[in-house]
>>> print(open('structure_7.csv').read())   # CSV, C-alpha atoms
chain,number,residue,atom,x,y,z
A,8,MET,CA,-39.2,-32.5,16.1
A,9,TYR,CA,-36.8,-30.7,13.8
A,10,GLN,CA,-33.2,-31.0,14.2
A,11,THR,CA,-30.9,-28.3,12.8
A,12,ALA,CA,-27.7,-29.3,11.1
A,13,PRO,CA,-24.5,-28.3,12.9
A,14,PRO,CA,-23.1,-25.1,11.4
A,15,SER,CA,-20.2,-25.7,9.1
A,16,ALA,CA,-16.8,-24.3,9.7
A,17,ALA,CA,-17.3,-21.6,7.1
A,18,SER,CA,-20.4,-20.3,8.8
A,19,GLU,CA,-18.6,-20.1,12.2
A,20,GLN,CA,-16.3,-17.5,10.8
A,21,PRO,CA,-17.3,-13.9,11.3
A,22,SER,CA,-18.6,-12.1,8.3
A,23,ASP,CA,-16.6,-9.5,6.5
A,24,GLN,CA,-19.0,-6.8,7.9
A,25,ALA,CA,-18.3,-7.8,11.4
A,26,LEU,CA,-14.5,-8.0,10.8
A,27,ALA,CA,-14.5,-4.6,9.2
A,28,ARG,CA,-16.6,-3.1,12.0
A,29,LEU,CA,-14.3,-4.5,14.7
A,30,ALA,CA,-11.1,-3.5,12.9
A,31,GLY,CA,-12.5,0.0,12.5
A,32,LEU,CA,-12.9,0.2,16.2
A,33,GLY,CA,-9.3,-0.8,16.7
A,34,ASP,CA,-9.5,-4.5,17.1
A,35,ARG,CA,-6.2,-5.8,15.8
A,36,GLU,CA,-7.2,-9.5,15.8
A,37,ALA,CA,-10.1,-8.6,13.5
A,38,PHE,CA,-7.7,-6.9,11.1
A,39,ALA,CA,-5.3,-9.8,11.3
A,40,ALA,CA,-8.3,-12.0,10.3
A,41,ILE,CA,-8.9,-9.8,7.3
A,42,VAL,CA,-5.3,-10.0,6.2
A,43,THR,CA,-5.3,-13.7,6.5
A,44,ARG,CA,-8.6,-14.0,4.6
A,45,TYR,CA,-7.8,-11.7,1.7
A,46,GLY,CA,-4.0,-11.7,1.7
A,47,PRO,CA,-3.4,-14.7,-0.7
A,48,ALA,CA,-5.9,-13.3,-3.3
A,49,LEU,CA,-4.4,-9.8,-3.0
A,50,TYR,CA,-0.9,-11.3,-3.4
A,51,ARG,CA,-1.9,-13.0,-6.7
A,52,PHE,CA,-3.7,-9.9,-7.9
A,53,THR,CA,-0.7,-7.6,-7.2
A,54,PHE,CA,1.8,-10.1,-8.6
A,55,ARG,CA,0.1,-9.9,-12.0
A,56,ILE,CA,0.5,-6.2,-12.1
A,57,VAL,CA,3.8,-5.6,-10.4
A,58,ASP,CA,6.9,-7.2,-11.8
A,59,SER,CA,9.0,-8.8,-9.0
A,60,PRO,CA,8.4,-10.3,-5.5
A,61,PRO,CA,10.2,-7.5,-3.6
A,62,ASN,CA,8.0,-4.9,-5.3
A,63,VAL,CA,4.9,-7.1,-4.7
A,64,GLU,CA,5.8,-7.1,-1.0
A,65,ASP,CA,6.2,-3.3,-1.0
A,66,ALA,CA,2.9,-2.8,-2.8
A,67,LEU,CA,1.1,-5.2,-0.5
A,68,GLN,CA,2.6,-3.6,2.6
A,69,GLU,CA,1.4,-0.2,1.5
A,70,THR,CA,-2.0,-1.7,0.7
A,71,PHE,CA,-2.6,-3.1,4.1
A,72,LEU,CA,-1.2,0.1,5.7
A,73,ASP,CA,-3.8,2.0,3.8
A,74,ALA,CA,-6.4,-0.5,4.9
A,75,TRP,CA,-5.5,-0.3,8.6
A,76,LYS,CA,-5.5,3.5,8.6
A,77,GLY,CA,-8.7,3.8,6.6
A,78,ILE,CA,-10.9,1.1,7.8
A,79,ALA,CA,-12.4,3.3,10.5
A,80,GLY,CA,-13.9,5.3,7.7
A,81,PHE,CA,-15.1,2.3,5.7
A,82,ARG,CA,-18.9,2.6,5.6
A,83,GLY,CA,-19.7,-0.6,3.8
A,84,ASP,CA,-21.0,1.0,0.6
A,85,SER,CA,-19.1,-1.6,-1.3
A,86,SER,CA,-18.0,-5.0,-0.1
A,87,LEU,CA,-14.8,-5.3,1.9
A,88,GLN,CA,-13.3,-7.4,-0.9
A,89,THR,CA,-14.0,-4.7,-3.5
A,90,TRP,CA,-12.5,-2.0,-1.2
A,91,LEU,CA,-9.3,-4.0,-0.6
A,92,PHE,CA,-8.8,-4.8,-4.2
A,93,THR,CA,-9.3,-1.1,-5.1
A,94,LEU,CA,-6.6,-0.2,-2.6
A,95,ALA,CA,-4.3,-2.8,-4.0
A,96,ARG,CA,-4.8,-1.7,-7.6
A,97,ARG,CA,-4.1,1.9,-6.7
A,98,ARG,CA,-0.9,0.9,-5.0
A,99,ALA,CA,0.3,-1.2,-7.9
A,100,TYR,CA,-0.3,1.6,-10.4
A,101,ALA,CA,1.4,4.0,-8.1
A,102,HIS,CA,4.4,1.7,-8.1
A,103,TYR,CA,4.5,1.9,-11.9
A,104,LYS,CA,4.2,5.6,-11.8
A,105,ARG,CA,7.2,5.8,-9.5
A,106,LEU,CA,9.2,3.6,-11.9
A,107,ARG,CA,8.4,5.9,-14.8
A,108,THR,CA,9.3,9.0,-12.8
A,109,SER,CA,12.6,7.6,-11.5
A,110,GLY,CA,13.6,6.3,-14.9
A,111,SER,CA,14.4,2.9,-13.5
A,112,HIS,CA,13.3,-0.4,-15.2
A,113,PRO,CA,11.8,-3.5,-13.7
A,114,ASN,CA,14.3,-6.2,-12.8
A,115,VAL,CA,14.8,-9.0,-15.2
A,116,ASN,CA,15.5,-12.5,-14.1
A,117,ILE,CA,18.9,-13.6,-15.4
A,118,ASP,CA,17.6,-17.1,-16.1
A,119,ASP,CA,15.1,-15.8,-18.5
A,120,VAL,CA,17.7,-14.0,-20.7
A,121,THR,CA,20.7,-16.3,-20.4
A,122,ASP,CA,20.1,-17.9,-23.8
A,123,ARG,CA,20.0,-14.5,-25.5
A,124,LEU,CA,23.3,-13.4,-24.1
A,125,PRO,CA,26.5,-14.0,-26.0
A,126,SER,CA,28.8,-16.6,-24.5
A,127,ARG,CA,31.8,-15.3,-22.6
A,128,ASN,CA,34.2,-17.6,-24.4
A,129,ALA,CA,33.0,-16.6,-27.8
A,130,ASP,CA,35.3,-14.7,-30.1
A,131,PRO,CA,34.9,-10.9,-30.1
A,132,PRO,CA,33.0,-9.5,-33.0
A,133,ASP,CA,34.7,-9.1,-36.4
A,134,CYS,CA,34.5,-5.5,-37.4
A,135,ARG,CA,35.2,-6.4,-41.0
A,136,SER,CA,32.0,-8.3,-41.3
A,137,SER,CA,29.9,-5.5,-39.7
A,138,THR,CA,28.1,-2.8,-41.6
A,139,ILE,CA,30.2,-0.2,-39.9
A,140,SER,CA,33.4,0.7,-41.7
A,141,SER,CA,36.7,-0.2,-40.1
A,142,ARG,CA,37.6,3.5,-40.0
A,143,HIS,CA,34.8,4.1,-37.4
A,144,TRP,CA,35.3,0.7,-35.7
A,145,THR,CA,38.9,1.4,-34.9
A,146,PRO,CA,38.5,3.9,-32.1
A,147,LEU,CA,35.4,2.2,-30.7
A,148,CYS,CA,36.3,-1.5,-30.4
A,149,GLY,CA,39.4,-1.8,-28.4
A,150,GLY,CA,38.9,-5.5,-27.8
A,151,CYS,CA,38.4,-6.3,-31.5
A,152,ARG,CA,41.0,-8.5,-33.0
A,153,HIS,CA,41.1,-6.3,-36.0
A,154,GLY,CA,41.3,-3.1,-34.0
A,155,SER,CA,45.0,-2.8,-34.4
A,156,ASP,CA,45.5,-0.7,-37.5
A,157,PRO,CA,48.8,-1.4,-39.4
A,158,SER,CA,49.4,2.3,-39.6
A,159,GLY,CA,48.9,2.7,-35.9
A,160,SER,CA,46.9,5.8,-36.3
A,161,SER,CA,44.1,4.6,-34.0
A,162,LYS,CA,46.5,4.7,-31.0
A,163,LYS,CA,47.8,8.2,-31.9
A,164,SER,CA,44.6,10.1,-31.9
A,165,ARG,CA,40.9,9.4,-31.6
A,166,THR,CA,39.9,12.6,-33.3
A,167,SER,CA,37.7,12.2,-36.2
A,168,PRO,CA,39.6,12.1,-39.6
A,169,THR,CA,37.2,14.8,-40.8
A,170,LEU,CA,38.3,17.2,-38.1
A,171,ARG,CA,42.0,16.3,-38.4
A,172,SER,CA,42.0,17.2,-42.1
A,173,GLN,CA,41.1,20.8,-41.3
A,174,PRO,CA,44.3,22.8,-41.1
A,175,SER,CA,42.9,25.6,-38.9
A,176,TRP,CA,41.0,23.5,-36.4
A,177,PRO,CA,40.4,24.5,-33.7
A,178,PRO,CA,40.1,28.1,-34.9
A,179,PRO,CA,42.5,30.5,-33.1
A,180,ARG,CA,41.1,32.8,-30.5
A,181,THR,CA,41.8,36.5,-30.7
A,182,ARG,CA,41.8,38.5,-27.5
A,183,SER,CA,41.7,42.0,-29.0
A,184,ALA,CA,40.7,43.3,-32.4
A,185,ASP,CA,43.3,44.9,-34.7
A,186,TYR,CA,41.8,47.8,-36.6
A,187,SER,CA,45.1,49.1,-38.1
A,188,ASN,CA,44.4,47.8,-41.6
A,189,VAL,CA,40.8,48.9,-41.7
A,190,PRO,CA,40.4,51.9,-44.1
A,191,ALA,CA,39.0,55.0,-42.6
A,192,PRO,CA,35.4,55.8,-43.6
A,193,ALA,CA,35.0,58.3,-46.4
A,194,SER,CA,33.9,61.7,-45.3
A,195,ARG,CA,30.6,62.9,-46.5
A,196,SER,CA,30.5,65.9,-48.7
A,197,PRO,CA,28.0,68.6,-47.6
B,38,MET,CA,-13.0,-37.1,-10.9
B,39,THR,CA,-16.1,-38.9,-12.1
B,40,ILE,CA,-16.9,-39.3,-15.7
B,41,ASP,CA,-20.4,-38.0,-15.4
B,42,GLN,CA,-19.3,-34.6,-14.1
B,43,SER,CA,-20.2,-31.9,-16.5
B,44,GLY,CA,-17.7,-29.3,-17.7
B,45,ASP,CA,-19.3,-26.6,-15.6
B,46,ASP,CA,-18.8,-28.7,-12.4
B,47,VAL,CA,-15.2,-29.3,-13.3
B,48,LEU,CA,-14.6,-25.7,-14.0
B,49,LEU,CA,-16.3,-24.6,-10.8
B,50,GLN,CA,-14.2,-27.1,-8.8
B,51,ALA,CA,-11.0,-26.0,-10.4
B,52,THR,CA,-11.9,-22.3,-9.7
B,53,GLN,CA,-12.5,-23.0,-6.1
B,54,LEU,CA,-9.3,-24.9,-5.7
B,55,LEU,CA,-7.3,-22.1,-7.3
B,56,ARG,CA,-9.0,-19.5,-5.1
B,57,GLN,CA,-8.0,-21.6,-2.0
B,58,HIS,CA,-4.5,-21.9,-3.2
B,59,THR,CA,-2.0,-20.0,-1.2
B,60,ASP,CA,1.2,-18.9,-2.9
B,61,ALA,CA,4.5,-19.6,-1.2
B,62,GLY,CA,5.4,-16.0,-1.7
B,63,TRP,CA,2.5,-14.9,0.4
B,64,THR,CA,3.3,-17.4,3.1
B,65,ALA,CA,6.8,-16.0,3.3
B,66,ILE,CA,5.8,-12.4,3.7
B,67,SER,CA,2.4,-12.5,5.5
B,68,ALA,CA,3.7,-12.4,9.0
B,69,ASP,CA,6.0,-9.4,8.2
B,70,ILE,CA,3.3,-7.5,6.5
B,71,LEU,CA,0.8,-8.0,9.3
B,72,HIS,CA,3.3,-7.0,11.9
B,73,ARG,CA,4.3,-3.9,10.1
B,74,ALA,CA,0.7,-2.9,9.4
B,75,LEU,CA,-0.4,-3.2,13.0
B,76,ARG,CA,2.6,-1.3,14.2
B,77,ALA,CA,1.7,1.7,12.0
B,78,PHE,CA,0.6,4.8,13.8
B,79,ARG,CA,-3.0,5.5,13.4
B,80,PRO,CA,-3.6,9.3,13.7
B,81,SER,CA,-6.2,10.2,16.3
B,82,ASP,CA,-7.0,13.3,18.3
B,83,PRO,CA,-5.8,13.7,21.9
B,84,VAL,CA,-8.3,13.7,24.8
B,85,ARG,CA,-7.4,15.4,28.0
B,86,GLY,CA,-7.6,13.5,31.3
B,87,ARG,CA,-6.8,14.7,34.8
B,88,HIS,CA,-5.7,13.1,38.0
B,89,ASP,CA,-4.0,14.1,41.2
B,90,LEU,CA,-0.6,14.7,39.6
B,91,GLY,CA,-1.9,16.8,36.8
B,92,ASP,CA,-3.3,16.6,33.3
B,93,PHE,CA,-2.5,13.9,30.8
B,94,PHE,CA,-3.6,13.0,27.3
B,95,VAL,CA,-5.1,9.8,25.9
B,96,ALA,CA,-5.4,9.1,22.2
B,97,SER,CA,-9.1,9.0,21.1
B,98,ASP,CA,-8.4,5.6,19.6
B,99,VAL,CA,-7.7,4.3,23.1
B,100,VAL,CA,-10.9,5.8,24.4
B,101,VAL,CA,-12.8,4.2,21.5
B,102,ALA,CA,-11.2,0.8,22.0
B,103,LEU,CA,-12.1,0.7,25.7
B,104,LEU,CA,-15.6,1.9,25.1
B,105,ARG,CA,-16.0,-0.9,22.5
B,106,GLN,CA,-14.9,-3.5,25.0
B,107,ALA,CA,-17.5,-2.1,27.5
B,108,VAL,CA,-20.3,-2.2,25.0
B,109,ASP,CA,-19.4,-5.6,23.5
B,110,ALA,CA,-19.6,-7.1,27.0
B,111,PHE,CA,-23.4,-7.0,26.6
B,112,ALA,CA,-24.8,-10.3,25.3
B,113,HIS,CA,-27.3,-8.9,22.8
B,114,ALA,CA,-25.5,-5.8,21.5
B,115,ALA,CA,-22.3,-4.7,19.8
B,116,ALA,CA,-20.8,-1.3,18.9
B,117,ALA,CA,-21.0,-0.4,15.3
B,118,ARG,CA,-19.3,3.0,15.4
B,119,ILE,CA,-18.0,5.2,18.2
B,120,THR,CA,-17.0,8.8,17.7
B,121,CYS,CA,-15.5,11.2,20.2
B,122,SER,CA,-15.6,15.0,19.9
B,123,THR,CA,-13.5,17.4,22.0
B,124,ASN,CA,-13.6,21.1,22.6
B,125,GLU,CA,-10.8,23.6,22.1
B,126,HIS,CA,-9.1,22.5,25.3
B,127,GLN,CA,-9.0,18.8,24.1
B,128,GLU,CA,-11.6,17.9,26.8
B,129,LEU,CA,-14.1,15.3,25.8
B,130,ASP,CA,-17.3,17.0,24.9
B,131,ALA,CA,-19.5,14.2,23.5
B,132,VAL,CA,-19.4,10.6,22.7
B,133,THR,CA,-21.7,9.0,20.1
B,134,ILE,CA,-22.1,5.2,20.2
B,135,GLN,CA,-23.9,3.4,17.4
B,136,ILE,CA,-25.3,0.1,18.4
B,137,ILE,CA,-26.3,-3.1,16.7
B,138,ALA,CA,-28.9,-4.9,18.8
B,139,ALA,CA,-30.1,-8.5,18.6
B,140,TYR,CA,-33.7,-8.9,17.5
B,141,GLY,CA,-36.1,-9.0,20.4
B,142,THR,CA,-34.0,-6.9,22.8
B,143,HIS,CA,-35.8,-4.2,24.7
B,144,LEU,CA,-34.1,-1.2,23.2
B,145,LEU,CA,-34.7,1.4,25.8
B,146,THR,CA,-33.3,-0.8,28.5
B,147,LEU,CA,-30.3,-1.6,26.4
B,148,ALA,CA,-29.7,2.1,25.7
B,149,GLU,CA,-29.8,2.8,29.4
B,150,GLN,CA,-27.3,0.0,30.1
B,151,VAL,CA,-25.0,1.2,27.4
B,152,HIS,CA,-25.2,4.8,28.8
B,153,THR,CA,-24.4,3.7,32.3
B,154,ALA,CA,-21.4,1.5,31.1
B,155,THR,CA,-20.1,4.4,29.0
B,156,THR,CA,-20.2,6.8,31.9
B,157,ARG,CA,-18.3,4.3,34.2
B,158,THR,CA,-15.7,3.6,31.5
B,159,LEU,CA,-15.1,7.3,30.8
B,160,THR,CA,-14.5,7.9,34.5
B,161,ASP,CA,-12.0,5.1,34.6
B,162,ILE,CA,-10.1,6.4,31.6
B,163,LEU,CA,-10.1,10.1,32.2
B,164,GLY,CA,-9.9,10.2,36.0
B,165,ASP,CA,-12.2,11.6,38.6
B,166,LEU,CA,-11.0,15.1,38.2
B,167,ALA,CA,-11.8,15.2,34.5
B,168,PRO,CA,-15.0,17.0,33.4
B,169,SER,CA,-17.7,14.9,35.0
B,170,ALA,CA,-18.6,12.0,32.9
B,171,ALA,CA,-22.2,12.9,33.5
B,172,ALA,CA,-21.5,16.2,31.8
B,173,ILE,CA,-20.2,14.5,28.7
B,174,HIS,CA,-23.0,14.0,26.2
B,175,THR,CA,-23.4,10.4,25.5
B,176,HIS,CA,-25.6,9.6,22.5
B,177,VAL,CA,-26.7,6.0,22.1
B,178,HIS,CA,-28.0,5.3,18.7
B,179,ILE,CA,-29.5,1.9,17.7
B,180,GLY,CA,-28.4,1.7,14.2
B,181,ASP,CA,-29.3,-1.9,13.2
B,182,ILE,CA,-31.2,-4.9,14.4
B,183,THR,CA,-30.0,-8.4,13.5
B,184,ASP,CA,-31.3,-11.9,14.0
B,185,ASP,CA,-27.7,-13.3,13.7
B,186,LEU,CA,-25.4,-12.2,16.4
B,187,ARG,CA,-22.4,-13.3,14.3
B,188,ASP,CA,-22.9,-10.1,12.4
B,189,ALA,CA,-22.5,-8.2,15.6
B,190,ARG,CA,-19.6,-10.3,16.9
>>> encode(input="structure_7.csv", output="structure tokens")
Amino acid sequence: MYQTAPPSAASEQPSDQALARLAGLGDREAFAAIVTRYGPALYRFTFRIVDSPPNVEDALQETFLDAWKGIAGFRGDSSLQTWLFTLARRRAYAHYKRLRTSGSHPNVNIDDVTDRLPSRNADPPDCRSSTISSRHWTPLCGGCRHGSDPSGSSKKSRTSPTLRSQPSWPPPRTRSADYSNVPAPASRSP
Amino acid sequence: MTIDQSGDDVLLQATQLLRQHTDAGWTAISADILHRALRAFRPSDPVRGRHDLGDFFVASDVVVALLRQAVDAFAHAAAARITCSTNEHQELDAVTIQIIAAYGTHLLTLAEQVHTATTRTLTDILGDLAPSAAAIHTHVHIGDITDDLRDAR
């Protein structure tokens, strides 16, 4: 007499097809089982595309929303896993597209860039050692220890020296034209 | 780890362990994600019902969910797909139920049982004054046969 082995714990679990079918018919427990089964893998997948945990959560939230709304139309042409990862990839790329449109940049962890930032207690930069001449540094670096020009010209005006040297700058505006000194046109001889 | 394990075995074991690994980040957000996903509105057409106090509307998703429960009550069958179609007055016109049946089940008997259960459920949902459940076209379609009922459950 043959004796069959007891089914393992993995075989007791419903298949992906059964879960997708039940979720498509409105079974919330089946959808929760899908989320539990594929959530960790989708989290890892999305985390490698999207930059920060809050954005990963947003992308995953939208992925599972799409899945819940669309699983009634899931016909099983591909596996459930493939379908879910396709939804996640689209949402992750849509996230990057929004970043590009809005002009914002991904967040940077402060711990990753601390060593590249100048120390707060360090001396301010020396304008004399830079490649920019002190004439241009003066109006720009107010905190520079060499910003105080002995002549004091930097505090009087921030206008470029090139413009200040022009005597008629800005040019005077004339409201009406004066034609008194204009010679009359010569009359034509027939 | 034993010494005689080949590199492929070690790689396979490592891959399986990594796939079973659950990130702490996912553990922190999973409950919130699931809650918000299931709370989302799933658009569905309204179906008109009628009782003594007047007409009322039921989302077709509700009709489908209750019909699924009625069909899944059978031991050797499960619903694979249920679609409702309504007329211009939002009255239920037809219901199509696709069934997965266990191998060896008498299909004609099963179809008749599903038809009867569907008619009774529609009367419960839409009321006695709704268009007679017998007038609603109920199509029972045996779409698949399986020898493993776990596929159907």
>>> atom_distance(input="structure_7.csv", atom1="CA of Ala77 (chain B)", atom2="CA of Thr158 (chain B)")
26.2 Å
>>> closest_residue(input="structure_7.csv", among="B:Asp181, B:Asp161, B:Asp45, B:Glu149", to="Gln135 (chain B)", atoms="only C-alpha atoms")
B:Asp181
>>> atom_distance(input="structure_7.csv", atom1="CA of Asp184 (chain B)", atom2="CA of Ala139 (chain B)")
5.8 Å
>>> closest_residue(input="structure_7.csv", among="B:Gln150, B:Gln106, B:Thr175, B:Gln50", to="chain A", atoms="all atoms listed in the file")
B:Gln106
>>> interface_residues(input="structure_7.csv", of="chain B", to="chain A", cutoff="9 Å", atoms="all atoms listed in the file", output="JSON, numbers by chain")
{"B": [56, 57, 58, 59, 60, 62, 63, 64, 66, 67, 69, 70, 71, 73, 74, 75, 77, 78, 79, 80, 98, 99, 101, 102, 105, 116, 117, 118, 119, 187, 188, 189, 190]}
>>> atom_distance(input="structure_7.csv", atom1="CA of Val95 (chain B)", atom2="CA of Ala68 (chain B)")
29.3 Å
>>> closest_residue(input="structure_7.csv", among="A:Ile78, A:Val57, A:Leu94, A:Ala99", to="Ala37 (chain A)", atoms="only C-alpha atoms")
A:Ile78
>>> closest_residue(input="structure_7.csv", among="B:Val84, B:Cys121, B:Ile182, B:Leu147", to="Thr133 (chain B)", atoms="all atoms listed in the file")
B:Cys121
>>> closest_residue(input="structure_7.csv", among="B:Ala115, B:Val47, B:Ala110, B:Ile134", to="His152 (chain B)", atoms="all atoms listed in the file")
B:Ile134
>>> closest_residue(input="structure_7.csv", among="B:Thr52, B:Gln127, B:Thr160, B:Thr155", to="Asp109 (chain B)", atoms="all atoms listed in the file")
B:Thr155
